[in-house]
Every structure is written in C-alpha cells, then in structure tokens.
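What follows is a single structure, written as structure tokens, with notes after it.
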Amino acid sequence: TRARLLLDQAWLAWRECLRGGVVSEMDEPARAGLELARRTGDLALLQGALDAVTASDWEQSRHREAAEHTRERLALLDDAPRTHALDVERSDALHMMIECLLQTGDYREAESYAREARELDLSRGIVYSAWQRGLLPAFYLGRWDEALAMAARVREAWVAAERPPLGAFASSIACAGAILAYRGDAEGGERWFAMGEELAPDRLEQTIGIDVMRAEVDLHHGRAARAIERL
C-alpha cells in the first residue's frame with residue numbers, strides 16, 4: 001500500500017509536468033515506490049513502478065537509464081502469463097523501449113523491438129499501431145520507401161477506425177511528410193504533416209516533433225530563416 005501511494009504521488013507529479021510543473025518532483029516518489037515494490041514480489045506492482053521510474057528518467061532526458069529500466073520491465077512481462085491486461089502493459093513497454101533507443105541513436109535495436117511490437121499489436125487486431133512502430137527506425141536508417149509503405153498502412157487503418165486521436169503517433173507519421181518534402185513533393189509532404197497534427201489536437205508536446213521535421217526540411221531546401229522561425 002505504501003508503494004502504491006508513492007507511485008500515485010509520482011504520477012500526479014508527472015501530470016503536473018505536462019502542465020509546466022517541476023519535472024524532478026516525480027523522481028523521489030517514483031524511486032522510493034520502486035524500492036518498496038522490489039520487496040513485495042508483486043509483479044504488477046513492480047512493473048508499474050518501473051514504468052513510473054522510466055517516465056521520470058524520460059522527463060529528465062536520462063534516456064539510457066530509461067532504456068535499462070524498460071529492459072527490466074520487459075523481462076518481467078515476458079516471464080508472466082499472457083493476459084489482456086499484461087498485453088497492454090507489454091505494448092506500452094515496447095513503445096517506450098523503441099522511443100528510448102531512438103533517443104540514444106540505437107536505430108537497429110529500435111527496429112528489432114518495433115518488429116516485436118508489431119507482431120503483438122497484430123495479434124491483438126490493432127493494425128494502425130502495428131505499422132506505426134517501425135516508422136521512425138526505418139526513417140533514421142534511411143529506408144524511406146519502406147517507411148512510406150508503413151505510413152500508408154497506418155493511415156488506411158486509422159481512417160477505417162474513424163480517425164481516433166493518437167498523439168503518441170504524431171511525430172512518427174510526420175516522417176512520411178519529411179521524406180516527401182525532402183524529395184521535393186511539398187504538397188504530398190504537407191498532407192502527412194497535417195495528419196500528424198490531426199492525431200494530436202491541442203497537445204503541443206506531441207506536435208513539437210513535427211515542427212522539428214518541418215524545420216529540417218526548410219534547412220535542407222535552404223530556407224534557414226523559416227527554419228529558425230519554426231524552432
């Protein structure tokens with residue numbers, strides 16, 4: 001119970017971070033909750049505590065630490081019986097692992113986890129999420145035609161699902177816009193950038209990646225002043 005209360009405190013602090021609060025206020029209760037969770041042997045509690053510490057690491061740009069905590073979380077989940085609830089947690093942990101590895105430049109390892117996440121999502125019938133997983137690893141590895149093909153699958157499944165808000169996908173889907181815009185198809189690129197913005201209505205922290213990609217395209221085409229304005 002003490003561990004759960006500490007983790008509740010950590011997540012409340014995380015929520016305040018999204019509103020401009022102090023990032024570090026999440027750290028102490030998250031780590032204290034993890035220490036207590038380790039003593040209990042309760043798998044659900046421990047994986048939740050690792051999730052909280054990972055979120056704290058992420059908010060403070062400690063991406064290698066976040067990756068290590070997520071590895072531990074995935075190892076716990078892999079040893080557990082498969083249930084719907086744990087599949088949701090496993091999907092979340094794989095998402096975090098991919099995101100952390102993208103931040104540390106470990107693109108091939110991120111791609112490997114993306115394949116695992118895709119298989120899990122397809123087994124659960126979540127098609128738009130499945131094909132989104134590998135978009136950014138393929139983009140950064142230079143496999144742009146492959147990334148465009150995956151983006152098309154994401155858009156098709158997303159439209160079929162009546163366009164739900166999916167802010168976590170905003171930057172990854174925008175890589176299709178960047179690819180087309182780099183290649184000189186500004187109109188085609190803008191359609192994908194617009195889709196990314198539609199995925200994250202009113203969520204600035206989820207569309208910043210789109211602004212960065214737009215700025216990089218501007219820089220590529222010699223529009224330095226425009227890139228500065230965006231950034």
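Letters A, B, ... go to the chains of the structure tokens in the order shown; residues in each chain start at 1; ligands are counted from 1 in the same order.
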>> Show me, as a list of chain:residue names, the residues that have an atom within 7 Å of range 28-30 of chain A when counting only C-alpha atoms, minus same-chain residues fewer than 3 positions from it.
In response: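 Result of the neighbour search: A:Leu6, A:Leu7, A:Gln9, A:Ala10, A:Glu25, A:Gly33, A:Leu34, A:Ala49, A:Ala52, A:Val53.
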Could you list, with a cut-off of 10 Å and counting only C-alpha atoms, the residues of range 139-208 of chain A near range 95-114 of chain A, each shown with its nearest atom pair and the distance in Å rounded to one decimal, rows sorted by chain and ascending number, as a tab-separated table?
residue	atom	partner	partner_atom	distance
A:Phe139	CA	A:Tyr107	CA	9.4
A:Tyr140	CA	A:Tyr107	CA	7.0
A:Leu141	CA	A:Tyr107	CA	6.8
A:Ala168	CA	A:His95	CA	9.5
>> For Met150 in chain A, find every residue with an atom within 10 Å (counting only C-alpha atoms), except residues of its own chain fewer than 4 positions away, and show them as JSON, numbers by chain.
In response: {"A": [128, 130, 131, 132, 133, 134, 135, 138, 144, 145, 146, 154, 155, 156, 173, 176]}
> Residues at most 9 Å from range 81-94 of chain A, counting only C-alpha atoms, excluding those fewer than 3 positions away in the same chain, as a PyMOL selection string?
Replying inline: chain A and resi 44+47-48+51+70-71+73-74+77-78+97-99+113-114+116-117+120-121+124
Selection above as a file: N, CA and C atoms, as a short mmCIF file (atom, residue, chain, number, x, y, z; two decimals), in the first residue's frame:
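Output saved as again.cif:
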data_model
loop_
_atom_site.label_atom_id
_atom_site.label_comp_id
_atom_site.auth_asym_id
_atom_site.auth_seq_id
_atom_site.Cartn_x
_atom_site.Cartn_y
_atom_site.Cartn_z
N ALA A 44 2.75 -7.13 -10.83
CA ALA A 44 2.00 -5.99 -11.37
C ALA A 44 2.49 -4.68 -10.75
N GLN A 47 6.21 -3.92 -12.10
CA GLN A 47 6.30 -3.42 -13.47
C GLN A 47 5.73 -1.99 -13.55
N GLY A 48 4.70 -1.71 -12.73
CA GLY A 48 4.15 -0.36 -12.69
C GLY A 48 5.15 0.64 -12.12
N ASP A 51 7.68 1.40 -14.70
CA ASP A 51 7.07 2.33 -15.65
C ASP A 51 7.21 3.76 -15.14
N THR A 70 13.37 -0.04 -18.70
CA THR A 70 12.37 -0.66 -19.57
C THR A 70 12.76 -2.09 -19.93
N ARG A 71 14.06 -2.36 -20.07
CA ARG A 71 14.51 -3.74 -20.29
C ARG A 71 14.07 -4.63 -19.12
N ARG A 73 11.61 -4.09 -17.09
CA ARG A 73 10.15 -4.21 -17.13
C ARG A 73 9.73 -5.25 -18.16
N LEU A 74 10.35 -5.23 -19.33
CA LEU A 74 10.00 -6.20 -20.38
C LEU A 74 10.35 -7.61 -19.96
N LEU A 77 7.62 -8.84 -17.75
CA LEU A 77 6.39 -9.11 -18.51
C LEU A 77 6.53 -10.34 -19.38
N ASP A 78 7.73 -10.57 -19.93
CA ASP A 78 7.94 -11.74 -20.78
C ASP A 78 7.83 -13.04 -20.00
N MET A 97 10.50 1.39 -25.11
CA MET A 97 11.82 0.89 -25.48
C MET A 97 12.23 1.46 -26.84
N ILE A 98 11.31 1.44 -27.78
CA ILE A 98 11.60 1.99 -29.11
C ILE A 98 11.95 3.47 -29.00
N GLU A 99 11.14 4.22 -28.24
CA GLU A 99 11.36 5.66 -28.10
C GLU A 99 12.71 5.95 -27.45
N TYR A 113 12.91 -4.16 -31.77
CA TYR A 113 11.79 -4.06 -30.84
C TYR A 113 10.50 -3.66 -31.57
N ALA A 114 10.65 -2.85 -32.61
CA ALA A 114 9.47 -2.44 -33.39
C ALA A 114 8.81 -3.64 -34.06
N GLU A 116 8.89 -6.72 -32.91
CA GLU A 116 8.23 -7.46 -31.83
C GLU A 116 6.90 -6.78 -31.46
N ALA A 117 6.93 -5.46 -31.37
CA ALA A 117 5.71 -4.72 -31.01
C ALA A 117 4.65 -4.87 -32.11
N LEU A 120 2.90 -8.18 -31.76
CA LEU A 120 1.98 -8.15 -30.62
C LEU A 120 0.70 -7.39 -30.98
N ASP A 121 0.86 -6.24 -31.61
CA ASP A 121 -0.32 -5.43 -31.98
C ASP A 121 -1.19 -6.16 -33.00
N ARG A 124 -3.38 -8.63 -31.53
CA ARG A 124 -4.49 -8.02 -30.80
C ARG A 124 -5.45 -7.29 -31.73
#
> Smallest atom-to-atom distance to Gly20 in chain A: which of A:Leu180, A:Leu219, A:Thr1, A:Glu205, using only C-alpha atoms?
Replying inline: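 When distances to Gly20 in chain A are compared using only C-alpha atoms, the smallest one comes from A:Glu205.
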